[in-house]
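Remarks on the structure that follows.
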Amino acid sequence: MEITLKINGEDKTFVQSFVPFVMKRKALELEKYTTQKNADPIKYFDMQAAYVVELFGNQFTKEEFENGLDATKAQDVLYEIVGVGVIGYPSKEEQEKRLGEILANQKEAQENKQK
């Protein structure tokens, strides 16, 4: 997995080829935090930042992560790294493909009903 951050005005790409299994547990703990009734979004942001820094073996600092990740792409980047790469959720492309198949099946079923 990889992440690109803007550091000192330049894009820097960091690669992590090995993810210790304990990082999956930590990712699930992060996810569990968001389901709590009074989860603080600022605290969650800090937890995510610290997690990604640790996940990438401290190749960059929390400040470099916070200042170098494009906020308009952050949700997708974090989902791809944590959700897909660590937890094992389907990628956005896989989700869209599945949704397309479901909709096509529903349409076909309705057409068959009308016959």
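Following the order of the structure tokens, chains are lettered A, B, ..., residues in each are numbered from 1, and ligands are numbered from 1.
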A:Thr4 environment, 9 Å, only C-alpha atoms, sequence neighbours closer than 4 positions dropped, as JSON, numbers by chain: {"A": [11, 12, 13, 14, 15, 68, 69]}
Test item, alpha helix (DSSP H) assignment across chain A, answer as a ChimeraX atom specification: /A:22-34,41-55,62-68,74-78,92-114
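Every residue of chain A found in strand (DSSP E) when DSSP is run on the backbone appears here: Glu2, Ile3, Thr4, Leu5, Lys6, Ile7, Glu10, Asp11, Lys12, Thr13, Phe14 and Val15 of chain A.
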Counting only C-alpha atoms, the residue of A:Leu99, A:Val82, A:Leu55, A:Ala104 that sits nearest A:Pro20: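 Going through A:Leu99, A:Val82, A:Leu55, A:Ala104 one by one, the smallest distance to A:Pro20 is for A:Leu55.
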Among the residues A:Ala109, A:Ala50, A:Leu28, A:Leu5, the one that comes closest to A:Gly88 [using only C-alpha atoms]: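 Checking each candidate against A:Gly88, we get A:Leu28 as the closest.
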